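Chemist: Next comes the structure file coords24.tsv, holding TSV, C-alpha atoms and all ligand atoms.
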chain	number	residue	atom	x	y	z
A	1	MET	CA	-39.37	-14.93	1.04
A	2	LYS	CA	-35.65	-14.21	1.45
A	3	PRO	CA	-34.31	-11.46	-0.83
A	4	ASP	CA	-31.84	-12.68	-3.46
A	5	VAL	CA	-28.27	-11.45	-3.00
A	6	LEU	CA	-25.36	-11.97	-5.38
A	7	MET	CA	-22.09	-12.52	-3.51
A	8	THR	CA	-19.27	-11.89	-5.97
A	9	ARG	CA	-16.35	-13.22	-3.94
A	10	LEU	CA	-16.09	-15.16	-0.69
A	11	THR	CA	-14.62	-12.74	1.83
A	12	ILE	CA	-14.73	-14.87	4.96
A	13	PRO	CA	-16.86	-17.99	5.61
A	14	ALA	CA	-18.63	-16.25	8.51
A	15	ALA	CA	-19.91	-13.59	6.10
A	16	LEU	CA	-21.50	-16.22	3.87
A	17	THR	CA	-23.02	-17.98	6.87
A	18	ALA	CA	-24.47	-14.73	8.18
A	19	LEU	CA	-25.80	-13.69	4.77
A	20	GLU	CA	-27.47	-17.05	4.21
A	21	ARG	CA	-29.46	-16.61	7.42
A	22	THR	CA	-31.29	-13.63	5.90
A	23	PHE	CA	-30.85	-13.94	2.13
A	24	ARG	CA	-30.87	-16.41	-0.73
A	25	VAL	CA	-27.20	-16.07	-1.63
A	26	HIS	CA	-25.98	-16.70	-5.18
A	27	ARG	CA	-22.25	-17.48	-5.19
A	28	LEU	CA	-20.65	-15.91	-8.25
A	29	TRP	CA	-17.15	-17.12	-7.37
A	30	GLU	CA	-18.34	-20.75	-7.69
A	31	ALA	CA	-19.87	-20.29	-11.15
A	32	ASP	CA	-18.13	-22.17	-13.97
A	33	ASP	CA	-19.51	-19.60	-16.41
A	34	PRO	CA	-19.96	-16.32	-14.50
A	35	ALA	CA	-21.58	-14.50	-17.43
A	36	ALA	CA	-24.17	-17.27	-17.91
A	37	PHE	CA	-24.74	-17.42	-14.16
A	38	ILE	CA	-25.39	-13.67	-13.97
A	39	GLN	CA	-27.75	-13.86	-16.95
A	40	GLU	CA	-29.67	-16.70	-15.23
A	41	VAL	CA	-30.00	-15.21	-11.73
A	42	GLY	CA	-29.73	-11.52	-12.68
A	43	PRO	CA	-33.47	-10.70	-12.72
A	44	THR	CA	-33.88	-12.08	-9.16
A	45	ILE	CA	-30.99	-10.17	-7.60
A	46	ARG	CA	-31.91	-7.26	-5.30
A	47	GLY	CA	-28.58	-6.90	-3.45
A	48	VAL	CA	-24.89	-7.43	-4.14
A	49	ALA	CA	-22.18	-8.21	-1.61
A	50	THR	CA	-18.80	-7.58	-3.15
A	51	THR	CA	-15.16	-6.81	-2.40
A	52	GLY	CA	-13.08	-3.72	-3.00
A	53	GLY	CA	-11.13	-5.51	-5.69
A	54	PHE	CA	-14.09	-6.99	-7.61
A	55	GLY	CA	-16.41	-4.05	-7.01
A	56	ALA	CA	-19.55	-3.62	-9.11
A	57	SER	CA	-19.12	-2.53	-12.71
A	58	ALA	CA	-21.80	-0.80	-14.75
A	59	GLU	CA	-21.94	-3.98	-16.85
A	60	LEU	CA	-22.65	-6.13	-13.80
A	61	MET	CA	-25.24	-3.76	-12.38
A	62	ALA	CA	-26.93	-3.41	-15.77
A	63	ALA	CA	-27.43	-7.19	-15.78
A	64	LEU	CA	-29.30	-6.89	-12.47
A	65	PRO	CA	-32.47	-4.95	-13.36
A	66	ASN	CA	-33.93	-5.18	-9.85
A	67	LEU	CA	-30.76	-4.26	-7.96
A	68	GLU	CA	-31.35	-2.01	-4.93
A	69	ILE	CA	-28.11	-2.06	-2.95
A	70	VAL	CA	-24.39	-2.84	-3.35
A	71	ALA	CA	-22.61	-3.56	-0.05
A	72	VAL	CA	-18.83	-3.41	-0.50
A	73	ASN	CA	-16.41	-5.17	1.84
A	74	ALA	CA	-13.96	-2.26	1.58
A	75	VAL	CA	-13.52	1.46	2.04
A	76	GLY	CA	-12.04	1.93	-1.44
A	77	LEU	CA	-14.81	2.11	-4.03
A	78	ASP	CA	-12.82	2.68	-7.21
A	79	ALA	CA	-14.07	-0.64	-8.61
A	80	VAL	CA	-17.71	0.38	-8.17
A	81	ASP	CA	-19.32	2.45	-10.93
A	82	LEU	CA	-20.79	5.01	-8.56
A	83	ALA	CA	-22.21	7.12	-11.38
A	84	HIS	CA	-24.21	4.16	-12.67
A	85	ALA	CA	-25.40	3.33	-9.16
A	86	LYS	CA	-26.45	6.93	-8.52
A	87	ALA	CA	-28.24	7.21	-11.84
A	88	ARG	CA	-30.34	4.16	-10.94
A	89	GLY	CA	-30.81	5.06	-7.28
A	90	ILE	CA	-28.84	1.98	-6.19
A	91	ILE	CA	-27.58	2.38	-2.63
A	92	VAL	CA	-23.86	1.78	-2.08
A	93	ALA	CA	-22.50	0.91	1.36
A	94	SER	CA	-18.87	0.43	2.39
A	95	THR	CA	-16.84	-0.50	5.49
A	96	PRO	CA	-15.11	2.68	6.70
A	97	ASP	CA	-13.50	3.16	10.13
A	98	VAL	CA	-13.27	-0.51	11.13
A	99	LEU	CA	-10.18	-0.95	8.92
A	100	THR	CA	-8.51	2.45	9.46
A	101	GLU	CA	-6.08	1.41	12.17
A	102	ASP	CA	-5.02	-1.83	10.49
A	103	VAL	CA	-4.21	-0.08	7.21
A	104	ALA	CA	-2.29	2.61	9.09
A	105	ASP	CA	-0.36	-0.12	10.92
A	106	MET	CA	0.52	-1.63	7.55
A	107	ALA	CA	1.80	1.74	6.30
A	108	LEU	CA	4.12	2.02	9.30
A	109	ALA	CA	5.18	-1.60	8.97
A	110	LEU	CA	6.10	-1.05	5.32
A	111	LEU	CA	7.95	2.19	6.14
A	112	LEU	CA	9.97	0.54	8.90
A	113	ALA	CA	10.59	-2.59	6.84
A	114	ALA	CA	11.83	-0.52	3.89
A	115	ALA	CA	13.93	1.94	5.91
A	116	ARG	CA	15.47	-0.65	8.23
A	117	GLU	CA	15.73	-3.30	5.45
A	118	LEU	CA	14.02	-5.93	7.60
A	119	VAL	CA	13.32	-8.38	4.76
A	120	ALA	CA	16.95	-8.34	3.58
A	121	GLY	CA	18.13	-8.64	7.17
A	122	ASP	CA	15.91	-11.66	7.75
A	123	ALA	CA	17.32	-13.31	4.59
A	124	HIS	CA	20.85	-12.45	5.70
A	125	VAL	CA	20.38	-14.47	8.89
A	126	ARG	CA	18.33	-17.33	7.39
A	127	SER	CA	20.79	-17.88	4.50
A	128	GLY	CA	23.84	-18.09	6.77
A	129	ALA	CA	25.27	-15.01	5.01
A	130	TRP	CA	25.73	-13.29	8.35
A	131	GLU	CA	28.15	-16.01	9.41
A	132	ARG	CA	29.82	-16.20	6.00
A	133	GLU	CA	29.91	-12.53	5.07
A	134	GLY	CA	29.49	-10.58	8.30
A	135	ASN	CA	27.18	-7.65	8.95
A	136	ARG	CA	24.84	-6.02	6.46
A	137	PRO	CA	25.25	-2.36	5.37
A	138	LEU	CA	23.72	0.27	7.66
A	139	ALA	CA	20.04	1.08	7.05
A	140	ARG	CA	18.11	4.35	7.57
A	141	ARG	CA	16.48	5.89	10.62
A	142	VAL	CA	12.74	6.62	10.71
A	143	HIS	CA	12.21	8.38	14.04
A	144	GLY	CA	12.83	12.11	14.08
A	145	ARG	CA	12.78	12.52	10.30
A	146	ARG	CA	10.11	14.00	7.94
A	147	ALA	CA	7.11	12.33	6.34
A	148	GLY	CA	4.59	13.53	3.78
A	149	ILE	CA	1.13	11.98	3.60
A	150	VAL	CA	-0.70	12.10	0.27
A	151	GLY	CA	-4.36	11.81	1.21
A	152	LEU	CA	-5.00	12.97	4.78
A	153	GLY	CA	-8.27	11.14	5.23
A	154	ARG	CA	-9.12	8.71	8.03
A	155	ILE	CA	-6.26	6.38	7.17
A	156	GLY	CA	-3.82	9.22	6.46
A	157	ARG	CA	-4.61	10.81	9.83
A	158	ALA	CA	-4.12	7.47	11.59
A	159	VAL	CA	-0.73	7.16	9.89
A	160	ALA	CA	0.13	10.71	11.03
A	161	ARG	CA	-0.71	9.84	14.64
A	162	ARG	CA	1.69	6.90	14.50
A	163	LEU	CA	4.44	9.01	12.95
A	164	GLU	CA	4.04	11.74	15.58
A	165	ALA	CA	4.56	9.09	18.26
A	166	MET	CA	7.93	8.45	16.56
A	167	ASN	CA	8.80	12.17	16.58
A	168	VAL	CA	8.47	12.25	12.80
A	169	GLN	CA	7.47	15.67	11.42
A	170	VAL	CA	4.29	15.30	9.33
A	171	ALA	CA	3.13	17.33	6.32
A	172	TYR	CA	0.44	16.46	3.77
A	173	HIS	CA	-1.10	16.99	0.37
A	174	ASN	CA	-4.84	16.82	-0.36
A	175	ARG	CA	-6.76	18.30	-3.25
A	176	ARG	CA	-7.68	21.05	-0.79
A	177	PRO	CA	-6.26	21.94	2.64
A	178	ILE	CA	-8.25	20.68	5.64
A	179	GLU	CA	-8.29	21.60	9.32
A	180	SER	CA	-5.20	19.80	10.62
A	181	PRO	CA	-2.07	20.36	12.74
A	182	TYR	CA	0.12	19.48	9.75
A	183	ILE	CA	1.67	21.69	7.08
A	184	TYR	CA	-0.22	21.60	3.76
A	185	TYR	CA	1.49	21.36	0.40
A	186	GLY	CA	-0.35	22.18	-2.81
A	187	SER	CA	1.19	19.34	-4.82
A	188	PRO	CA	2.68	15.88	-4.20
A	189	ALA	CA	5.95	16.97	-5.83
A	190	ALA	CA	6.33	20.02	-3.58
A	191	LEU	CA	5.62	17.80	-0.56
A	192	ALA	CA	8.05	15.12	-1.75
A	193	ARG	CA	10.81	17.71	-2.12
A	194	ASP	CA	10.65	18.52	1.60
A	195	VAL	CA	10.30	15.07	3.17
A	196	ASP	CA	12.24	11.83	3.60
A	197	PHE	CA	9.23	9.52	3.34
A	198	LEU	CA	6.12	9.83	1.19
A	199	ILE	CA	3.12	7.78	2.29
A	200	VAL	CA	0.26	7.37	-0.17
A	201	ALA	CA	-3.16	7.00	1.48
A	202	ALA	CA	-5.28	8.78	-1.13
A	203	THR	CA	-8.60	7.53	-2.50
A	204	GLY	CA	-8.18	5.45	-5.66
A	205	GLY	CA	-10.00	6.08	-8.92
A	206	ASP	CA	-9.76	8.32	-11.97
A	207	ALA	CA	-9.24	11.55	-9.99
A	208	SER	CA	-5.99	10.27	-8.43
A	209	ARG	CA	-4.73	8.03	-11.25
A	210	GLY	CA	-0.97	8.54	-11.66
A	211	LEU	CA	-0.95	11.29	-9.03
A	212	ILE	CA	2.48	10.10	-7.84
A	213	ASP	CA	4.36	10.58	-11.07
A	214	ARG	CA	8.03	10.67	-12.09
A	215	GLU	CA	8.34	14.32	-11.04
A	216	THR	CA	7.13	13.47	-7.53
A	217	ILE	CA	9.30	10.38	-7.28
A	218	ASP	CA	12.38	12.34	-8.40
A	219	ALA	CA	11.49	15.09	-5.91
A	220	LEU	CA	11.49	12.47	-3.13
A	221	GLY	CA	14.95	11.62	-4.36
A	222	PRO	CA	17.70	9.01	-3.98
A	223	ASP	CA	17.43	8.94	-0.18
A	224	GLY	CA	13.63	8.91	-0.24
A	225	ILE	CA	11.23	6.09	0.60
A	226	LEU	CA	7.75	5.71	-0.88
A	227	VAL	CA	4.96	3.74	0.84
A	228	ASN	CA	1.65	2.97	-0.86
A	229	VAL	CA	-1.34	1.55	1.06
A	230	ALA	CA	-3.95	3.23	-1.15
A	231	ARG	CA	-4.39	1.85	-4.65
A	232	GLY	CA	-1.80	0.89	-7.22
A	233	SER	CA	-3.44	3.27	-9.68
A	234	VAL	CA	-2.37	6.29	-7.62
A	235	VAL	CA	1.32	5.70	-8.40
A	236	ASP	CA	2.92	5.60	-11.87
A	237	GLU	CA	4.23	2.06	-11.40
A	238	ASP	CA	6.57	2.15	-14.39
A	239	ALA	CA	8.13	5.38	-13.15
A	240	LEU	CA	8.49	3.88	-9.67
A	241	ILE	CA	10.19	0.75	-10.98
A	242	ALA	CA	12.62	2.81	-13.07
A	243	ALA	CA	13.50	5.07	-10.14
A	244	LEU	CA	14.08	2.12	-7.78
A	245	ARG	CA	16.15	0.29	-10.41
A	246	ASP	CA	18.22	3.38	-11.32
A	247	GLY	CA	18.85	4.50	-7.74
A	248	ARG	CA	16.76	7.67	-8.08
A	249	LEU	CA	14.64	6.41	-5.16
A	250	ALA	CA	16.14	4.58	-2.18
A	251	ALA	CA	13.29	2.17	-1.42
A	252	ALA	CA	9.57	1.51	-1.46
A	253	GLY	CA	7.04	-0.37	0.65
A	254	LEU	CA	4.00	-1.44	-1.41
A	255	ASP	CA	0.75	-3.13	-0.39
A	256	VAL	CA	-1.08	-2.30	-3.62
A	257	PHE	CA	-0.27	-2.60	-7.31
A	258	ALA	CA	-1.55	-1.48	-10.70
A	259	ASP	CA	-2.86	-4.88	-11.84
A	260	GLU	CA	-3.41	-7.08	-8.78
A	261	PRO	CA	-2.61	-9.89	-8.23
A	262	ARG	CA	-0.24	-9.64	-11.19
A	263	VAL	CA	2.94	-7.74	-10.15
A	264	PRO	CA	5.60	-6.97	-12.78
A	265	GLU	CA	8.70	-9.14	-12.52
A	266	ALA	CA	10.78	-5.96	-12.86
A	267	LEU	CA	9.34	-4.91	-9.50
A	268	ARG	CA	9.44	-8.32	-7.87
A	269	VAL	CA	13.19	-8.75	-8.50
A	270	LEU	CA	14.24	-5.43	-6.95
A	271	PRO	CA	16.12	-5.67	-3.62
A	272	ASN	CA	14.99	-2.24	-2.41
A	273	VAL	CA	11.27	-2.82	-2.27
A	274	VAL	CA	9.10	-4.51	0.36
A	275	LEU	CA	6.01	-6.15	-1.13
A	276	GLN	CA	2.74	-7.19	0.47
A	277	PRO	CA	-0.28	-8.81	-1.31
A	278	HIS	CA	-2.83	-6.10	-0.44
A	279	GLN	CA	-2.96	-7.07	3.21
A	280	GLY	CA	-3.78	-3.66	4.70
A	281	SER	CA	-7.07	-4.71	6.27
A	282	ALA	CA	-6.36	-8.44	6.22
A	283	THR	CA	-6.51	-9.33	9.90
A	284	VAL	CA	-8.94	-11.76	11.51
A	285	GLU	CA	-10.41	-9.01	13.65
A	286	THR	CA	-10.80	-6.36	10.97
A	287	ARG	CA	-12.13	-8.61	8.21
A	288	ALA	CA	-14.71	-9.94	10.68
A	289	ALA	CA	-15.76	-6.37	11.46
A	290	MET	CA	-15.91	-5.53	7.74
A	291	ALA	CA	-17.99	-8.61	6.97
A	292	GLU	CA	-20.38	-7.74	9.79
A	293	LEU	CA	-20.86	-4.27	8.31
A	294	VAL	CA	-21.62	-5.75	4.87
A	295	VAL	CA	-24.27	-8.00	6.40
A	296	ARG	CA	-25.73	-5.23	8.57
A	297	ASN	CA	-25.98	-2.84	5.63
A	298	LEU	CA	-27.84	-5.39	3.56
A	299	GLN	CA	-30.07	-6.48	6.43
A	300	ALA	CA	-30.95	-2.87	7.30
A	301	HIS	CA	-31.86	-2.05	3.72
A	302	PHE	CA	-34.24	-4.96	3.35
A	303	ALA	CA	-35.66	-4.39	6.84
A	304	GLY	CA	-36.39	-0.78	5.94
A	305	THR	CA	-34.16	0.58	8.71
A	306	LEU	CA	-31.22	2.99	8.68
A	307	LEU	CA	-28.00	1.56	7.22
A	308	PRO	CA	-24.85	1.74	9.40
A	309	THR	CA	-22.45	2.91	6.65
A	310	PRO	CA	-24.17	4.01	3.43
A	311	LEU	CA	-22.49	6.36	1.01
A	312	PRO	CA	-24.23	9.73	0.90
A	313	LEU	CA	-26.34	9.83	-2.28
A	401	LIG	C1	-9.45	-4.94	1.03
A	401	LIG	C2	-9.32	-2.45	0.66
A	401	LIG	O1	-8.26	-5.26	0.47
A	401	LIG	O2	-10.89	-1.40	2.03
A	401	LIG	C3	-10.29	-1.36	0.94
A	401	LIG	O3	-10.44	-0.48	0.10
A	401	LIG	O4	-8.56	-2.38	-0.25
A	401	LIG	C4	-9.27	-3.60	1.58
A	401	LIG	O5	-9.92	-3.45	2.73
A	401	LIG	C5	-10.41	-5.43	0.06
A	401	LIG	O6	-10.83	-4.52	-0.82
A	401	LIG	C6	-11.45	-6.21	0.78
A	401	LIG	O7	-12.57	-6.45	-0.03
Here is the file; what I need is its structure written in the form of structure tokens.

Modeler:
Amino acid sequence: MKPDVLMTRLTIPAALTALERTFRVHRLWEADDPAAFIQEVGPTIRGVATTGGFGASAELMAALPNLEIVAVNAVGLDAVDLAHAKARGIIVASTPDVLTEDVADMALALLLAAARELVAGDAHVRSGAWEREGNRPLARRVHGRRAGIVGLGRIGRAVARRLEAMNVQVAYHNRRPIESPYIYYGSPAALARDVDFLIVAATGGDASRGLIDRETIDALGPDGILVNVARGSVVDEDALIAALRDGRLAAAGLDVFADEPRVPEALRVLPNVVLQPHQGSATVETRAAMAELVVRNLQAHFAGTLLPTPLPL
């Protein structure tokens, strides 16, 4: 008999098709009354396939008394109650590595778009303003300048490789220094003081909540540019908005926000910010690779074989 798996959100159709070959899939996103649906199917559920945004809360997992594994279509696990999972011996699997390069590409795209004012330039041409008003103001150079990476993990290191190719000097902040060719700074504010661009690639969750605060933003300064491809929670969004509005920060490139998909109007109306709807890993190729990992992790668990990308217990 096929194991019962709760799929919280439809990632890509191919993932659902692949899961349904091996599992009896219960589609939470189609439920008119999700709470009633979970109460009805909960006792049968042995696996969960979920997204980084929806995750797996303690409340959800508690409603699934026979849950064995949560396979997350993401590398960020801040929406998964890992303590609850560990306490119950529930395996958690994620999708590392396959999305690293795409998210790093997005960080560079946001940095270049913010520094070179690509969105405003596009509008200047499309609106006819170029013909009516002439050239736009000069933008800012990226190559040859200085960048700080907050969170030198897989994605942070991929961003650093891209920046080095542009002759950008790279420094970083982690909770602890790691073996790396880049200069380590003990705090985000100290790093921000010495760079032109600050790129946030840190793990989301309680440990990094508000890590990029007003002090750090002010240290980056009125010529500084902030890029965030991590989680909205890592940056004090109100402090960021105020700094962008008041000219204490030159620009920002953001792919993540505090309360997705709701983004404050005060941020959306600013001319010096480039906004993306959490698209870091959202390419056909990468989302297919992520979905395949979710399926393979679930299949391996129920086949009693080694999982490709489990979290260490
Ligand atoms: C996705 C992500 O946006 O991997 C992550 O942590 O944020 C992204 O890959 C999303 O969570 C996909 O489920």

Chemist: May I ask you to write as a list in words all residues lying at most 7 Å from ligand LIG 401 (chain A), with only C-alpha atoms and all ligand atoms counted?

Modeler: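 I would give the residues around ligand LIG 401 (chain A) as Thr11, Thr51, Gly52, Gly53, Val72, Asn73, Ala74, Val75, Gly76, Leu77, Thr95, Leu99, His278, Gln279, Gly280, Ser281 and Ala282 of chain A.
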
Chemist: Could you work out how far CA of Asp196 (chain A) lies from CA of Tyr184 (chain A), giving the answer in Å with one decimal?

Modeler: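 About the pair CA of Tyr184 (chain A) and CA of Asp196 (chain A): they are 15.8 Å apart.
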
Chemist: Any idea what's packed within 7 Å of Asn272 (chain A), counting all atoms listed in the file, ignoring anything in its chain fewer than 5 positions away? Could you give it as a PyMOL selection string?

Modeler: chain A and resi 244+250-252

Chemist: For CA of Glu237 (chain A) and CA of Val274 (chain A), determine how far apart the two atoms are, in Å to one decimal place.

Modeler: 14.3 Å

Chemist: Mind dumping a table of every region 29-122 of chain A residue within 12 Å of region 16-19 of chain A, with the nearest atom pair and its distance in Å to one decimal, using all atoms listed in the file, sorted by chain and rising number, as a tab-separated table?

Modeler:
residue	atom	partner	partner_atom	distance
A:Gly47	CA	A:Leu19	CA	11.0
A:Val48	CA	A:Leu19	CA	10.9
A:Ala49	CA	A:Leu19	CA	9.2
A:Thr50	CA	A:Leu16	CA	11.5
A:Ala71	CA	A:Leu19	CA	11.7

Chemist: If we count only C-alpha atoms and set the cut-off at 10 Å, which residues sit around Leu226 (chain A), ignoring sequence neighbours fewer than 2 positions away in its own chain? Please answer as an NGL selection string.

Modeler: :A and (110-111 or 114-115 or 147-148 or 192 or 196-200 or 212 or 217 or 220-221 or 224 or 228 or 235 or 240 or 249-254 or 273)

Chemist: Using all atoms listed in the file, which residue out of A:Val41, A:Ala242, A:Leu118, A:Met290 lies closest to Ile12 (chain A)?

Modeler: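 The closest residue to Ile12 (chain A) is A:Met290.
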
Chemist: CA of Ile149 (chain A) and CA of Val294 (chain A) are how many Å apart?

Modeler: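 Those two atoms sit 28.9 Å apart.
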
Chemist: Quick one: everything within 9 Å of Lys2 (chain A), counting all atoms listed in the file, minus sequence neighbours fewer than 2 positions away in the same chain. Send it as number ranges by chain.

Modeler: A: 4, 21-24

Chemist: Could you take the residues named above and write them with C-alpha atoms, as a PDB file, keeping the file's coordinate frame?

Modeler:
ATOM      1  CA  ASP A   4     -31.840 -12.680  -3.460  1.00  0.00           C
ATOM      2  CA  ARG A  21     -29.460 -16.610   7.420  1.00  0.00           C
ATOM      3  CA  THR A  22     -31.290 -13.630   5.900  1.00  0.00           C
ATOM      4  CA  PHE A  23     -30.850 -13.940   2.130  1.00  0.00           C
ATOM      5  CA  ARG A  24     -30.870 -16.410  -0.730  1.00  0.00           C
TER       6      ARG A  24
END

Chemist: What's around Glu260 (chain A) at 10 Å? Count all atoms listed in the file, leave out sequence neighbours fewer than 4 positions away in its own chain, and write the answer as a PyMOL selection string.

Modeler: chain A and resi 53+231-232+256+264+277-278

Chemist: With 10 Å as the threshold, what does the neighbourhood of (-28.0, -3.0, -3.0) contain in terms of residues, counting all atoms listed in the file? Coordinates are those of the file; answer as a count of residues only.

Modeler: 25

Chemist: Taking (9.3, 15.3, -7.2) in the file's own coordinates, collect the residues within 10 Å, counting all atoms listed in the file, and hand them back as JSON, numbers by chain.

Modeler: {"A": [187, 188, 189, 190, 191, 192, 193, 194, 212, 213, 214, 215, 216, 217, 218, 219, 220, 221]}

Chemist: I'd like to know which of A:Ser94, A:Thr203, A:Thr44, A:Ser57 is closest to Val295 (chain A), using all atoms listed in the file.

Modeler: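 The answer is A:Ser94, which sits nearest to Val295 (chain A).
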
Chemist: A:Val159, A:Ala201, A:Val195, A:Ala303: which is nearest Arg145 (chain A), counting all atoms listed in the file?

Modeler: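 When distances to Arg145 (chain A) are compared using all atoms listed in the file, the smallest one comes from A:Val195.
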